[in-house]
Amino acid sequence: MNGSSVATVIVDPYADMTIMHPVMAALIVILSISVFRLPRRYAIVPFIIAMNCIPFGQRLYVLGMNFTSLRLLVLFALLRILLRRETAELKLSSLDVVVALYTVVALATHVLQIGTFPSFMAAVGTTLDKLWVYVVVRLFVRDIEDVHLLVRTFAVVSLLICVLLLSESRSGNNSFGVFGGVIESLELRGGRYRAQGPYGHPILAGALWASMLPLVIAHRFRNRKRHGLMYLSGVCIFAIVVLTESSTPLLSLVVALAGSLLYYQRNAVPLMTKTAVAGLGALAIFWWHPIWFL
């Protein structure tokens, strides 16, 4: 499979079609009601379950719009936020401004690079997904205890995902393939199956869990009552990354762990950041490849 076909798979090969298994439909209904009914602190849990247990391609195609499971949950979350006026206690932060600027720049860059109307509409949908999900998480996760609840939920889910991906790596069949929305027969790389689970691509599966490992480690040092779960989750996350048979998640894991170690040299981070930006700028000027070639 060449690079362009991989990119197509990662973007959305199931766009503009309805794929909804009855079991997944029932799960989406239960999670949507949970988002609306649970206390604010626990309302983020259904999102974590949905993104890790509902196949990537499950969606409803209505009036030219793709309503994925995540978008359906976001709609319920926004309705809850509006009805309960849960935005009243929050104030605009510098991170909010950065995220807003990022979404605008990313959309403008996409339009300038490709420039077709279908690609523009797809980019708008992706941009809104990022923005609305950020808004929902921002409103539901407000303090350090909320963060630790989020991490504990991911830790528990990692145990299930690890077992399923281990089974996939042995059988060559996607555990979620029976529901539709993901491939049923796994890709081979170097004679080994690339475990994928419910995610859109093995790279996405591995990169997601690689980014969670530093949070699991941090939770272990802060909360000494859950050592066993955090240790087991750390092993499972490492196994998930390896089972995807992808170099990008492995590199993400290395970068995530290296970034975590910078905590002990945090006074030097501003200088390191400025040096990195200057270095990337120099590469962009003098190197014959774009910097993302790295």
# chains A, B, ... in the order shown; residues from 1 in each chain; ligands from 1

$ select_by_dssp --residues "range 136-244 of chain A" --states "strand (DSSP E or B)" --output "list in words"
Asn173, Ser185, Leu188, Arg189, Arg192 and Tyr193 of chain A

$ write_last_selection --atoms "all heavy atoms" --output "PDB file, in the first residue's frame"
ATOM      1  N   ASN A 173      -7.607 -11.117  12.020  1.00  0.00           N
ATOM      2  CA  ASN A 173      -8.945 -10.564  11.822  1.00  0.00           C
ATOM      3  C   ASN A 173      -9.204  -9.444  12.823  1.00  0.00           C
ATOM      4  O   ASN A 173      -8.902  -9.591  14.010  1.00  0.00           O
ATOM      5  CB  ASN A 173     -10.004 -11.654  11.989  1.00  0.00           C
ATOM      6  CG  ASN A 173      -9.864 -12.751  10.957  1.00  0.00           C
ATOM      7  OD1 ASN A 173      -9.644 -12.485   9.774  1.00  0.00           O
ATOM      8  ND2 ASN A 173      -9.964 -14.004  11.393  1.00  0.00           N
ATOM      9  N   SER A 185      -9.967  -7.834   7.532  1.00  0.00           N
ATOM     10  CA  SER A 185      -8.695  -8.560   7.458  1.00  0.00           C
ATOM     11  C   SER A 185      -7.550  -7.562   7.595  1.00  0.00           C
ATOM     12  O   SER A 185      -7.489  -6.575   6.848  1.00  0.00           O
ATOM     13  CB  SER A 185      -8.584  -9.309   6.127  1.00  0.00           C
ATOM     14  OG  SER A 185      -9.625 -10.265   6.010  1.00  0.00           O
ATOM     15  N   LEU A 188      -0.593  -6.847   6.524  1.00  0.00           N
ATOM     16  CA  LEU A 188       0.636  -7.527   6.932  1.00  0.00           C
ATOM     17  C   LEU A 188       1.815  -6.603   6.713  1.00  0.00           C
ATOM     18  O   LEU A 188       1.881  -5.883   5.719  1.00  0.00           O
ATOM     19  CB  LEU A 188       0.833  -8.811   6.129  1.00  0.00           C
ATOM     20  CG  LEU A 188       0.118 -10.081   6.612  1.00  0.00           C
ATOM     21  CD1 LEU A 188       0.244 -11.175   5.575  1.00  0.00           C
ATOM     22  CD2 LEU A 188       0.674 -10.547   7.952  1.00  0.00           C
ATOM     23  N   ARG A 189       2.742  -6.614   7.654  1.00  0.00           N
ATOM     24  CA  ARG A 189       3.999  -5.878   7.492  1.00  0.00           C
ATOM     25  C   ARG A 189       5.118  -6.736   8.054  1.00  0.00           C
ATOM     26  O   ARG A 189       5.129  -7.035   9.256  1.00  0.00           O
ATOM     27  CB  ARG A 189       3.957  -4.521   8.182  1.00  0.00           C
ATOM     28  CG  ARG A 189       5.317  -3.825   8.212  1.00  0.00           C
ATOM     29  CD  ARG A 189       5.253  -2.434   8.793  1.00  0.00           C
ATOM     30  NE  ARG A 189       4.679  -1.478   7.839  1.00  0.00           N
ATOM     31  CZ  ARG A 189       4.571  -0.179   8.076  1.00  0.00           C
ATOM     32  NH1 ARG A 189       4.979   0.316   9.236  1.00  0.00           N
ATOM     33  NH2 ARG A 189       4.044   0.629   7.174  1.00  0.00           N
ATOM     34  N   ARG A 192       3.995  -9.831   9.887  1.00  0.00           N
ATOM     35  CA  ARG A 192       3.196  -9.665  11.105  1.00  0.00           C
ATOM     36  C   ARG A 192       1.958  -8.825  10.810  1.00  0.00           C
ATOM     37  O   ARG A 192       2.004  -7.896  10.015  1.00  0.00           O
ATOM     38  CB  ARG A 192       4.020  -8.993  12.206  1.00  0.00           C
ATOM     39  CG  ARG A 192       5.233  -9.803  12.650  1.00  0.00           C
ATOM     40  CD  ARG A 192       5.970  -9.076  13.753  1.00  0.00           C
ATOM     41  NE  ARG A 192       7.143  -9.825  14.213  1.00  0.00           N
ATOM     42  CZ  ARG A 192       7.962  -9.422  15.167  1.00  0.00           C
ATOM     43  NH1 ARG A 192       7.754  -8.253  15.762  1.00  0.00           N
ATOM     44  NH2 ARG A 192       8.992 -10.164  15.521  1.00  0.00           N
ATOM     45  N   TYR A 193       0.857  -9.187  11.470  1.00  0.00           N
ATOM     46  CA  TYR A 193      -0.384  -8.438  11.298  1.00  0.00           C
ATOM     47  C   TYR A 193      -0.318  -7.118  12.049  1.00  0.00           C
ATOM     48  O   TYR A 193       0.180  -7.053  13.183  1.00  0.00           O
ATOM     49  CB  TYR A 193      -1.578  -9.249  11.798  1.00  0.00           C
ATOM     50  CG  TYR A 193      -1.906 -10.446  10.931  1.00  0.00           C
ATOM     51  CD1 TYR A 193      -1.665 -11.739  11.385  1.00  0.00           C
ATOM     52  CD2 TYR A 193      -2.451 -10.270   9.668  1.00  0.00           C
ATOM     53  CE1 TYR A 193      -1.964 -12.837  10.589  1.00  0.00           C
ATOM     54  CE2 TYR A 193      -2.749 -11.367   8.865  1.00  0.00           C
ATOM     55  CZ  TYR A 193      -2.506 -12.640   9.327  1.00  0.00           C
ATOM     56  OH  TYR A 193      -2.801 -13.718   8.540  1.00  0.00           O
TER      57      TYR A 193
END

$ select_by_dssp --residues "range 29-217 of chain A" --states "alpha helix (DSSP H)" --output "ChimeraX atom specification"
/A:29-37,45-53,69-84,94-113,117-140,144-171,202-217

$ closest_residue --among "A:Ile183, A:Leu38, A:Ile44, A:Val98" --to "Gly57 in chain A" --atoms "only C-alpha atoms"
A:Ile183

$ closest_atom_pairs --of "range 82-191 of chain A" --to "range 226-232 of chain A" --cutoff "10 Å" --atoms "only C-alpha atoms" --output "tab-separated table"
residue	atom	partner	partner_atom	distance
A:Val151	CA	A:Met230	CA	9.4
A:Arg152	CA	A:Met230	CA	8.1
A:Ala155	CA	A:Met230	CA	6.7
A:Val156	CA	A:Leu229	CA	7.6
A:Ser158	CA	A:Leu232	CA	9.1
A:Leu159	CA	A:Leu232	CA	7.8

$ write_last_selection --atoms "N, CA and C atoms" --output "compact mmCIF listing (two decimals), in the first residue's frame"
# COMPACT_ATOMS: atom_id res chain seq x y z
N VAL A 151 -7.88 10.00 33.03
CA VAL A 151 -6.74 9.07 32.89
C VAL A 151 -7.11 7.68 33.39
N ARG A 152 -7.83 7.61 34.52
CA ARG A 152 -8.23 6.30 35.04
C ARG A 152 -9.15 5.58 34.06
N ALA A 155 -7.07 4.23 31.36
CA ALA A 155 -6.29 3.10 31.87
C ALA A 155 -7.11 1.81 31.85
N VAL A 156 -8.36 1.90 32.29
CA VAL A 156 -9.23 0.72 32.29
C VAL A 156 -9.50 0.26 30.85
N SER A 158 -7.66 0.66 28.28
CA SER A 158 -6.44 0.12 27.67
C SER A 158 -6.32 -1.38 27.89
N LEU A 159 -6.82 -1.87 29.01
CA LEU A 159 -6.76 -3.32 29.29
C LEU A 159 -7.58 -4.08 28.25

$ closest_residue --among "A:Ile19, A:Leu166, A:Leu82, A:Ala205" --to "Gly180 in chain A" --atoms "only C-alpha atoms"
A:Ile19

$ closest_residue --among "A:Ser246, A:His219, A:Ile237, A:Leu213" --to "Gly259 in chain A" --atoms "only C-alpha atoms"
A:Leu213

$ atom_distance --atom1 "CA of Gln196 in chain A" --atom2 "CA of Val178 in chain A"
13.5 Å

$ residues_around --residues "range 110-127 of chain A" --least-positions-apart "3" --cutoff "12 Å" --atoms "only C-alpha atoms" --output "JSON, numbers by chain"
{"A": [11, 12, 15, 16, 64, 65, 66, 67, 68, 70, 71, 99, 100, 101, 102, 103, 104, 105, 106, 107, 130, 131, 132, 133, 134]}

$ write_last_selection --atoms "N, CA and C atoms" --output "PDB file, in the first residue's frame"
ATOM      1  N   VAL A  11      -7.938   9.409   6.277  1.00  0.00           N
ATOM      2  CA  VAL A  11      -8.855  10.544   6.234  1.00  0.00           C
ATOM      3  C   VAL A  11     -10.280  10.072   6.487  1.00  0.00           C
ATOM      4  N   ASP A  12     -10.859   9.293   5.566  1.00  0.00           N
ATOM      5  CA  ASP A  12     -12.201   8.747   5.796  1.00  0.00           C
ATOM      6  C   ASP A  12     -12.677   7.982   4.566  1.00  0.00           C
ATOM      7  N   ALA A  15     -16.819   7.882   4.027  1.00  0.00           N
ATOM      8  CA  ALA A  15     -17.597   9.116   3.931  1.00  0.00           C
ATOM      9  C   ALA A  15     -18.785   8.934   2.995  1.00  0.00           C
ATOM     10  N   ASP A  16     -19.860   9.678   3.280  1.00  0.00           N
ATOM     11  CA  ASP A  16     -21.058   9.742   2.435  1.00  0.00           C
ATOM     12  C   ASP A  16     -21.756   8.394   2.278  1.00  0.00           C
ATOM     13  N   GLY A  64     -26.770  14.884   3.124  1.00  0.00           N
ATOM     14  CA  GLY A  64     -25.425  15.261   2.696  1.00  0.00           C
ATOM     15  C   GLY A  64     -24.433  15.451   3.819  1.00  0.00           C
ATOM     16  N   MET A  65     -24.797  15.094   5.048  1.00  0.00           N
ATOM     17  CA  MET A  65     -23.907  15.264   6.199  1.00  0.00           C
ATOM     18  C   MET A  65     -23.617  13.919   6.852  1.00  0.00           C
ATOM     19  N   ASN A  66     -22.353  13.746   7.257  1.00  0.00           N
ATOM     20  CA  ASN A  66     -21.927  12.532   7.937  1.00  0.00           C
ATOM     21  C   ASN A  66     -22.000  12.737   9.448  1.00  0.00           C
ATOM     22  N   PHE A  67     -22.881  11.991  10.110  1.00  0.00           N
ATOM     23  CA  PHE A  67     -22.988  12.065  11.560  1.00  0.00           C
ATOM     24  C   PHE A  67     -22.296  10.833  12.158  1.00  0.00           C
ATOM     25  N   THR A  68     -21.012  10.996  12.455  1.00  0.00           N
ATOM     26  CA  THR A  68     -20.275   9.913  13.104  1.00  0.00           C
ATOM     27  C   THR A  68     -20.727   9.788  14.555  1.00  0.00           C
ATOM     28  N   LEU A  70     -18.988  10.156  17.172  1.00  0.00           N
ATOM     29  CA  LEU A  70     -18.437  11.261  17.957  1.00  0.00           C
ATOM     30  C   LEU A  70     -19.249  12.532  17.755  1.00  0.00           C
ATOM     31  N   ARG A  71     -19.658  12.794  16.519  1.00  0.00           N
ATOM     32  CA  ARG A  71     -20.458  13.991  16.252  1.00  0.00           C
ATOM     33  C   ARG A  71     -21.821  13.911  16.932  1.00  0.00           C
ATOM     34  N   VAL A  99      -5.901  27.405  20.378  1.00  0.00           N
ATOM     35  CA  VAL A  99      -6.676  26.394  19.652  1.00  0.00           C
ATOM     36  C   VAL A  99      -7.510  27.042  18.553  1.00  0.00           C
ATOM     37  N   ALA A 100      -8.143  28.173  18.844  1.00  0.00           N
ATOM     38  CA  ALA A 100      -8.945  28.868  17.842  1.00  0.00           C
ATOM     39  C   ALA A 100      -8.081  29.311  16.660  1.00  0.00           C
ATOM     40  N   LEU A 101      -6.905  29.883  16.948  1.00  0.00           N
ATOM     41  CA  LEU A 101      -5.998  30.303  15.884  1.00  0.00           C
ATOM     42  C   LEU A 101      -5.515  29.110  15.070  1.00  0.00           C
ATOM     43  N   TYR A 102      -5.252  28.003  15.759  1.00  0.00           N
ATOM     44  CA  TYR A 102      -4.784  26.797  15.060  1.00  0.00           C
ATOM     45  C   TYR A 102      -5.830  26.292  14.067  1.00  0.00           C
ATOM     46  N   THR A 103      -7.092  26.260  14.482  1.00  0.00           N
ATOM     47  CA  THR A 103      -8.140  25.765  13.595  1.00  0.00           C
ATOM     48  C   THR A 103      -8.291  26.657  12.367  1.00  0.00           C
ATOM     49  N   VAL A 104      -8.180  27.968  12.562  1.00  0.00           N
ATOM     50  CA  VAL A 104      -8.293  28.901  11.440  1.00  0.00           C
ATOM     51  C   VAL A 104      -7.121  28.723  10.478  1.00  0.00           C
ATOM     52  N   VAL A 105      -5.902  28.660  11.013  1.00  0.00           N
ATOM     53  CA  VAL A 105      -4.707  28.512  10.175  1.00  0.00           C
ATOM     54  C   VAL A 105      -4.720  27.171   9.445  1.00  0.00           C
ATOM     55  N   ALA A 106      -5.117  26.096  10.141  1.00  0.00           N
ATOM     56  CA  ALA A 106      -5.149  24.768   9.518  1.00  0.00           C
ATOM     57  C   ALA A 106      -6.137  24.744   8.355  1.00  0.00           C
ATOM     58  N   LEU A 107      -7.308  25.357   8.545  1.00  0.00           N
ATOM     59  CA  LEU A 107      -8.308  25.394   7.480  1.00  0.00           C
ATOM     60  C   LEU A 107      -7.818  26.228   6.301  1.00  0.00           C
ATOM     61  N   LYS A 130     -12.717  19.040  15.497  1.00  0.00           N
ATOM     62  CA  LYS A 130     -11.655  19.381  16.452  1.00  0.00           C
ATOM     63  C   LYS A 130     -12.120  20.465  17.423  1.00  0.00           C
ATOM     64  N   LEU A 131     -12.768  21.487  16.868  1.00  0.00           N
ATOM     65  CA  LEU A 131     -13.152  22.634  17.682  1.00  0.00           C
ATOM     66  C   LEU A 131     -14.228  22.260  18.695  1.00  0.00           C
ATOM     67  N   TRP A 132     -15.277  21.543  18.248  1.00  0.00           N
ATOM     68  CA  TRP A 132     -16.365  21.202  19.159  1.00  0.00           C
ATOM     69  C   TRP A 132     -15.918  20.201  20.215  1.00  0.00           C
ATOM     70  N   VAL A 133     -15.087  19.247  19.829  1.00  0.00           N
ATOM     71  CA  VAL A 133     -14.580  18.290  20.819  1.00  0.00           C
ATOM     72  C   VAL A 133     -13.742  19.020  21.864  1.00  0.00           C
ATOM     73  N   TYR A 134     -12.926  19.969  21.412  1.00  0.00           N
ATOM     74  CA  TYR A 134     -12.139  20.751  22.371  1.00  0.00           C
ATOM     75  C   TYR A 134     -13.054  21.502  23.336  1.00  0.00           C
TER      76      TYR A 134
END

$ atom_distance --atom1 "CA of Arg142 in chain A" --atom2 "CA of Ala256 in chain A"
23.2 Å

$ closest_atom_pairs --of "range 84-159 of chain A" --to "range 46-56 of chain A" --cutoff "9 Å" --atoms "only C-alpha atoms" --output "JSON lines"
{"residue": "A:Leu150", "atom": "CA", "partner": "A:Ile48", "partner_atom": "CA", "distance": 8.1}
{"residue": "A:Thr153", "atom": "CA", "partner": "A:Ile48", "partner_atom": "CA", "distance": 7.4}
{"residue": "A:Phe154", "atom": "CA", "partner": "A:Ile48", "partner_atom": "CA", "distance": 7.1}
{"residue": "A:Val157", "atom": "CA", "partner": "A:Asn52", "partner_atom": "CA", "distance": 7.6}
{"residue": "A:Ser158", "atom": "CA", "partner": "A:Asn52", "partner_atom": "CA", "distance": 8.9}

$ residues_around --residues "Ala210 in chain A" --least-positions-apart "2" --cutoff "7 Å" --atoms "only C-alpha atoms" --output "ChimeraX atom specification"
/A:206-208,212-213,237,241,249,252-253

$ residues_around --residues "Gly191 in chain A" --least-positions-apart "3" --cutoff "12 Å" --atoms "only C-alpha atoms" --output "PyMOL selection string"
chain A and resi 169-170+172+186-188+194+245

$ atom_distance --atom1 "CA of Met17 in chain A" --atom2 "CA of Leu60 in chain A"
7.1 Å

$ residues_around --residues "Phe176 in chain A" --least-positions-apart "5" --cutoff "8 Å" --atoms "only C-alpha atoms" --output "list in words"
Pro55, Val182, Glu184, Gly197 and Pro198 of chain A

$ write_last_selection --atoms "all heavy atoms" --output "mmCIF file, in the first residue's frame"
data_model
loop_
_atom_site.group_PDB
_atom_site.id
_atom_site.type_symbol
_atom_site.label_atom_id
_atom_site.label_comp_id
_atom_site.auth_asym_id
_atom_site.auth_seq_id
_atom_site.Cartn_x
_atom_site.Cartn_y
_atom_site.Cartn_z
ATOM 1 N N PRO A 55 -16.432 1.400 16.083
ATOM 2 C CA PRO A 55 -15.593 1.453 14.883
ATOM 3 C C PRO A 55 -15.617 2.814 14.203
ATOM 4 O O PRO A 55 -16.642 3.502 14.178
ATOM 5 C CB PRO A 55 -16.203 0.364 13.982
ATOM 6 C CG PRO A 55 -16.806 -0.611 14.934
ATOM 7 C CD PRO A 55 -17.333 0.223 16.069
ATOM 8 N N VAL A 182 -14.707 -0.612 9.756
ATOM 9 C CA VAL A 182 -13.264 -0.830 9.785
ATOM 10 C C VAL A 182 -12.975 -2.067 8.948
ATOM 11 O O VAL A 182 -13.868 -2.881 8.684
ATOM 12 C CB VAL A 182 -12.717 -1.035 11.222
ATOM 13 C CG1 VAL A 182 -12.700 0.253 12.002
ATOM 14 C CG2 VAL A 182 -13.510 -2.109 11.953
ATOM 15 N N GLU A 184 -11.840 -5.764 7.909
ATOM 16 C CA GLU A 184 -12.004 -7.036 8.608
ATOM 17 C C GLU A 184 -10.705 -7.835 8.640
ATOM 18 O O GLU A 184 -10.388 -8.460 9.646
ATOM 19 C CB GLU A 184 -13.113 -7.861 7.946
ATOM 20 C CG GLU A 184 -14.495 -7.214 8.048
ATOM 21 C CD GLU A 184 -15.591 -8.129 7.542
ATOM 22 O OE1 GLU A 184 -15.443 -9.366 7.665
ATOM 23 O OE2 GLU A 184 -16.587 -7.626 7.017
ATOM 24 N N GLY A 197 -7.973 -2.600 15.629
ATOM 25 C CA GLY A 197 -9.108 -2.365 16.505
ATOM 26 C C GLY A 197 -10.156 -1.486 15.852
ATOM 27 O O GLY A 197 -10.347 -1.517 14.633
ATOM 28 N N PRO A 198 -10.846 -0.634 16.626
ATOM 29 C CA PRO A 198 -11.923 0.197 16.074
ATOM 30 C C PRO A 198 -11.447 1.472 15.404
ATOM 31 O O PRO A 198 -12.261 2.253 14.910
ATOM 32 C CB PRO A 198 -12.747 0.536 17.323
ATOM 33 C CG PRO A 198 -11.730 0.596 18.411
ATOM 34 C CD PRO A 198 -10.721 -0.477 18.083
#

$ closest_residue --among "A:Val74, A:Leu27, A:Ala195, A:Ala108" --to "Ile161 in chain A" --atoms "only C-alpha atoms"
A:Ala195

$ closest_residue --among "A:Val45, A:Ile30, A:Leu79, A:Leu251" --to "Val147 in chain A" --atoms "only C-alpha atoms"
A:Val45

$ residues_around --residues "Glu86 in chain A" --least-positions-apart "2" --cutoff "12 Å" --atoms "only C-alpha atoms" --output "count of residues only"
22
